[in-house]
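Trainee: Just passing along the structure, written as structure tokens.
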Amino acid sequence: MKPRVRFAPSPTGPLHIGGVRTALYNYLFAKQHGGTFILRIEDTDQTRFVEGAEAYIIESFQWLGLKFDEGVGIGGNFGPYKQSERKEIYKPYAEQLIANGWAYYAFDTPESLDTKRKEAESQKKTFQYDASTRSQMENSLTLPENEVQRRISSGEQFVIRFKYPENTDIPVHDLIRGNVIINSNLLDDKVLYKSDGMPTYHLANIVDDHLMEITHVIRGEEWLPSAPLHIMLYKAFGWDAPQFAHLPLLLKPDGNGKLSKRDGDRLGFPVFPLLWNDPKSGETSSGYRESGYLPEAVINMLALLGWNPGTEQEIFSLEELVNLFSLEKISKSGAKFSLDKAKWFNHEYLQVKTADQLYPLIENVLTTKGITSTKEYTIKVLELIKERLNFTNDFWEQSDYFFVAPKEYNAQDLKKRWKDGTGEKLRVIDRLLQQDSAFDKQAAHDRVMEHIKANEWNMGQVLNSLRIAIVGAAKGPELFTMIELIGTAEVHQRIETIIQKIEN
RNA sequence: GCCGAGUUCGUCUAGUCGGCCUAGGACGCAAGGUUUUCAUCCUUGAAAUCAGGGGUUCGAAUCCCCUACUCGGUACCA
């Protein structure tokens with residue numbers, strides 16, 4: 001049977017990079033087995049809904065190049081794929097559970113539960129709504145049948161809770177972690193159906209996974225503790241449960257703990273695929289795309305954060321990942337995100353791109369800087385400085401001198417290279433550069449070198465001072481290649497400018 | 001607190017059934033080379049007594065037990 005897997009985010013904000021990895025693993029698993037990759041939006045909590053989050057999620061995956069086969073925005077035979085649009089589906093299932101004795105109505109108010117919890121807390125205990133306490137609460141197990149009906153028909157608020165059997169071991173078979181056994185006495189009677197008429201995650205998730213014929217649930221480790229509930233729910237409905245795989249968490253680079261939005265802001269790397277403007281707080285969070293990452297690099301990096309094929313290969317195309325991926329090789333422990341490694345991956349991917357391919361990604365850099373340049377010229381610059389790029393966003397700081405004359409000169413370099421008489425020497429070189437009517441790189445190079453040697457000038461000093469005049473610092477590509485690109489007229493200007501500024 | 005999961009260089013990790021592991025690779029770091037510059041690139045190096053302690057075994061990073069620590073969960077959130 002071909003697997004059917006889903007990625008099921010909540011539209012409560014931008015898609016977290018950990019979520020992207022979960023989606024990626026689902027994608028790889030599905031594609032490897034010729035299966036189906038589904039996007040389902042789990043928006044059962046209306047209070048946490050954030051405008052634009054759903055569109056953000058869809059756009060993120062478009063940028064990353066992970067295509068869903070079914071789901072929100074795509075369609076399919078198992079729709080709708082948004083839980084708020086499936087609202088009517090869930091209630092009969094909750095009622096079915098009540099009829100079978102697997103669930104019950106509970107009328108306890110949030111306030112009364114809160115009081116119970118605080119009470120327990122003051123005695124250093126935890127209140128748990130379970131087999132040991134439900135007989136003391138207001139629910140359809142303690143109240144007479146007619147009273148329950150009366151309360152419901154009079155519009156009193158209620159929830160539906162799952163009724164765990166007492167003292168029963170619930171085995172969870174996890175594809176990554178093996179068997180985990182949990183006793184039902186440790187679990188509390190989870191709310192399945194909320195007083196606002198919406199199911200909770202647990203109910204909606206199980207019903208939808210069943211209805212959508214999901215075969216493998218690949219999700220974050222934070223779900224492992226609620227896996228027993230899900231297993232029991234399948235049992236209560238009499239359905240076959242899908243297979244479970246709980247992924248290790250993505251950790252923050254320093255210290256421990258889950259990677260969060262705050263860490264990105266603090267350490268200077270994106271936690272989200274795309275730039276995000278939060279409509280509620282007004283805060284802006286950076287995105288991988290806007291920070292100059294290539295989607296292939298992000299995918300590659302994420303794939304290796306928690307999974308490894310066991311070989312020494314590090315660079316993988318999506319196709320290779322699809323072929324090599326296996327759930328068995330996923331590690332069990334959390335992985336710390338590393339900015340340095342991310343930078344390295346991006347550098348590697350940048351290098352295999354041609355200047356032509358890179359051009360569209362840096363085009364807007366020039367326009368935002370108010371530079372007008374031909375595509376031809378820009379591509380030549382790109383070819384020259386490509387290898388120095390870690391991110392497409394580095395383009396400007398690596399190449400500004402190809403477009404505008406340096407405004408200031410690196411003081412250290414100047415001190416080291418600019419001596420008395422340097423200006424005069426540069427004027428001589430300038431004349432040598434302009435000798436041919438059409439600049440001939442090789443001829444100019446030979447002429448300059450010859451002159452320097454013949455006059456016993458300090459080669460490093462002269463050439464570097466020329467470089468400073470052109471670039472603003474002792475850095476950049478091969479000197480004569482730069483001069484050819486920038487043009488001797490502009491070089492002449494820059495030589496005169498630096499002499500003006502330094503020697504006057 | 002309780003429950004669960006995890007624990008190999010600073011980081012990501014390799015490590016099929018215990019011997020080929022005096023623990024391999026990558027990132028980062030250091031040194032050298034290339035570049036008469038810088039970056040790239042290349043070479044070399046430092047870096048884990050395999051969380052700690054007990055076992056089992058001729059032999060354990062690999063099996064068992066205990067301890068410690070970290071993370072996750074413990075909501076009418078997902």
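The chains in the structure tokens are called A, B, ... from first to last as shown; in each chain the residues are counted from 1, and the ligands are counted from 1 in the order shown.
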Using only C-alpha atoms (C1' of nucleotides), select each residue of chain B with any atom at most 6 Å away from an atom of chain A, and give the selection as a ChimeraX atom specification.
Mentor: /B:6,25,27,36-40,72-73,76
Trainee: Determine which residues of stretch 216-352 of chain A receive a DSSP assignment of helix (DSSP H, G or I), computed from the backbone, and state them as number ranges by chain.
Mentor: A: 221-237, 261-267, 295-303, 318-324, 327-329, 339-351
Trainee: Output C-alpha atoms of each residue in that selection to a file, as a PDB file, in the first residue's frame.
Mentor:
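Produced file again.pdb, reproduced below:
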```pdb
ATOM      1  CA  GLU A 221       8.692  14.582  19.687  1.00  0.00           C
ATOM      2  CA  GLU A 222       6.483  16.938  21.675  1.00  0.00           C
ATOM      3  CA  TRP A 223       3.608  14.698  20.606  1.00  0.00           C
ATOM      4  CA  LEU A 224       5.020  11.529  22.083  1.00  0.00           C
ATOM      5  CA  PRO A 225       3.314  12.019  25.462  1.00  0.00           C
ATOM      6  CA  SER A 226      -0.096  12.218  23.819  1.00  0.00           C
ATOM      7  CA  ALA A 227       0.459   9.244  21.542  1.00  0.00           C
ATOM      8  CA  PRO A 228      -1.199   6.846  24.046  1.00  0.00           C
ATOM      9  CA  LEU A 229      -4.363   8.934  23.859  1.00  0.00           C
ATOM     10  CA  HIS A 230      -4.310   8.719  20.099  1.00  0.00           C
ATOM     11  CA  ILE A 231      -3.738   4.972  20.189  1.00  0.00           C
ATOM     12  CA  MET A 232      -6.662   4.578  22.580  1.00  0.00           C
ATOM     13  CA  LEU A 233      -8.856   6.739  20.402  1.00  0.00           C
ATOM     14  CA  TYR A 234      -8.232   4.496  17.416  1.00  0.00           C
ATOM     15  CA  LYS A 235      -9.087   1.554  19.590  1.00  0.00           C
ATOM     16  CA  ALA A 236     -12.250   3.207  20.868  1.00  0.00           C
ATOM     17  CA  PHE A 237     -13.408   3.875  17.321  1.00  0.00           C
ATOM     18  CA  LYS A 261      11.744  32.860  17.569  1.00  0.00           C
ATOM     19  CA  ARG A 262      13.641  34.717  20.271  1.00  0.00           C
ATOM     20  CA  ASP A 263      16.825  32.745  19.590  1.00  0.00           C
ATOM     21  CA  GLY A 264      16.846  33.815  16.001  1.00  0.00           C
ATOM     22  CA  ASP A 265      16.535  37.454  16.912  1.00  0.00           C
ATOM     23  CA  ARG A 266      19.203  37.092  19.546  1.00  0.00           C
ATOM     24  CA  LEU A 267      21.761  35.091  17.550  1.00  0.00           C
ATOM     25  CA  PRO A 295      16.038  26.950  -0.707  1.00  0.00           C
ATOM     26  CA  GLU A 296      18.113  23.909  -1.726  1.00  0.00           C
ATOM     27  CA  ALA A 297      20.661  24.766   0.946  1.00  0.00           C
ATOM     28  CA  VAL A 298      17.990  25.125   3.601  1.00  0.00           C
ATOM     29  CA  ILE A 299      16.526  21.759   2.624  1.00  0.00           C
ATOM     30  CA  ASN A 300      19.937  20.071   2.654  1.00  0.00           C
ATOM     31  CA  MET A 301      20.849  21.535   6.014  1.00  0.00           C
ATOM     32  CA  LEU A 302      17.533  20.601   7.566  1.00  0.00           C
ATOM     33  CA  ALA A 303      17.653  17.079   6.191  1.00  0.00           C
ATOM     34  CA  LEU A 318      16.188  16.703  -3.123  1.00  0.00           C
ATOM     35  CA  GLU A 319      16.087  13.699  -5.460  1.00  0.00           C
ATOM     36  CA  GLU A 320      19.034  12.105  -3.685  1.00  0.00           C
ATOM     37  CA  LEU A 321      17.389  12.709  -0.335  1.00  0.00           C
ATOM     38  CA  VAL A 322      14.210  11.077  -1.576  1.00  0.00           C
ATOM     39  CA  ASN A 323      16.211   8.018  -2.595  1.00  0.00           C
ATOM     40  CA  LEU A 324      18.352   7.744   0.515  1.00  0.00           C
ATOM     41  CA  LEU A 327      13.082   6.572   9.146  1.00  0.00           C
ATOM     42  CA  GLU A 328      15.425   4.026  10.736  1.00  0.00           C
ATOM     43  CA  LYS A 329      18.359   6.385  10.336  1.00  0.00           C
ATOM     44  CA  LEU A 339      24.601  29.090  11.942  1.00  0.00           C
ATOM     45  CA  ASP A 340      28.134  28.291  10.743  1.00  0.00           C
ATOM     46  CA  LYS A 341      27.049  25.069   9.135  1.00  0.00           C
ATOM     47  CA  ALA A 342      24.061  26.767   7.546  1.00  0.00           C
ATOM     48  CA  LYS A 343      26.407  29.368   6.108  1.00  0.00           C
ATOM     49  CA  TRP A 344      28.676  26.668   4.714  1.00  0.00           C
ATOM     50  CA  PHE A 345      25.800  24.824   3.065  1.00  0.00           C
ATOM     51  CA  ASN A 346      24.601  28.020   1.469  1.00  0.00           C
ATOM     52  CA  HIS A 347      28.088  28.823   0.215  1.00  0.00           C
ATOM     53  CA  GLU A 348      28.357  25.395  -1.371  1.00  0.00           C
ATOM     54  CA  TYR A 349      25.029  25.781  -3.147  1.00  0.00           C
ATOM     55  CA  LEU A 350      25.875  29.284  -4.301  1.00  0.00           C
ATOM     56  CA  GLN A 351      29.070  28.008  -5.960  1.00  0.00           C
TER      57      GLN A 351
END
```
Trainee: Could you tell me, as a list in words, which residues of stretch 307-426 of chain A DSSP assigns to strand (DSSP E or B) when given the backbone?
Mentor: Trp307, Ile330, Ala335 and Lys336 of chain A
Trainee: Between atom CA of A:Val172 and atom CA of A:Phe244, measure the distance and give it in Å to one decimal.
Mentor: 8.3 Å
Trainee: Atom CA of A:Gly18 and atom C1' of B:C77 are how many Å apart?
Mentor: 17.6 Å
Trainee: Show me, as a list in words, the residues that have an atom within 9 Å of A:Ile499 when counting only C-alpha atoms (C1' of nucleotides), minus same-chain residues fewer than 2 positions from it.
Mentor: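 The contact residues come out as Thr422, Gly423, Glu424, Leu426, Ala469, Arg494, Ile495, Glu496, Thr497, Lys501, Ile502, Glu503 and Asn504 of chain A.
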Trainee: For the atom pair atom CA of A:Leu366 and atom CA of A:Thr481, what is the interatomic distance in Å to one decimal place?
Mentor: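 Interatomic distance here is 21.4 Å.
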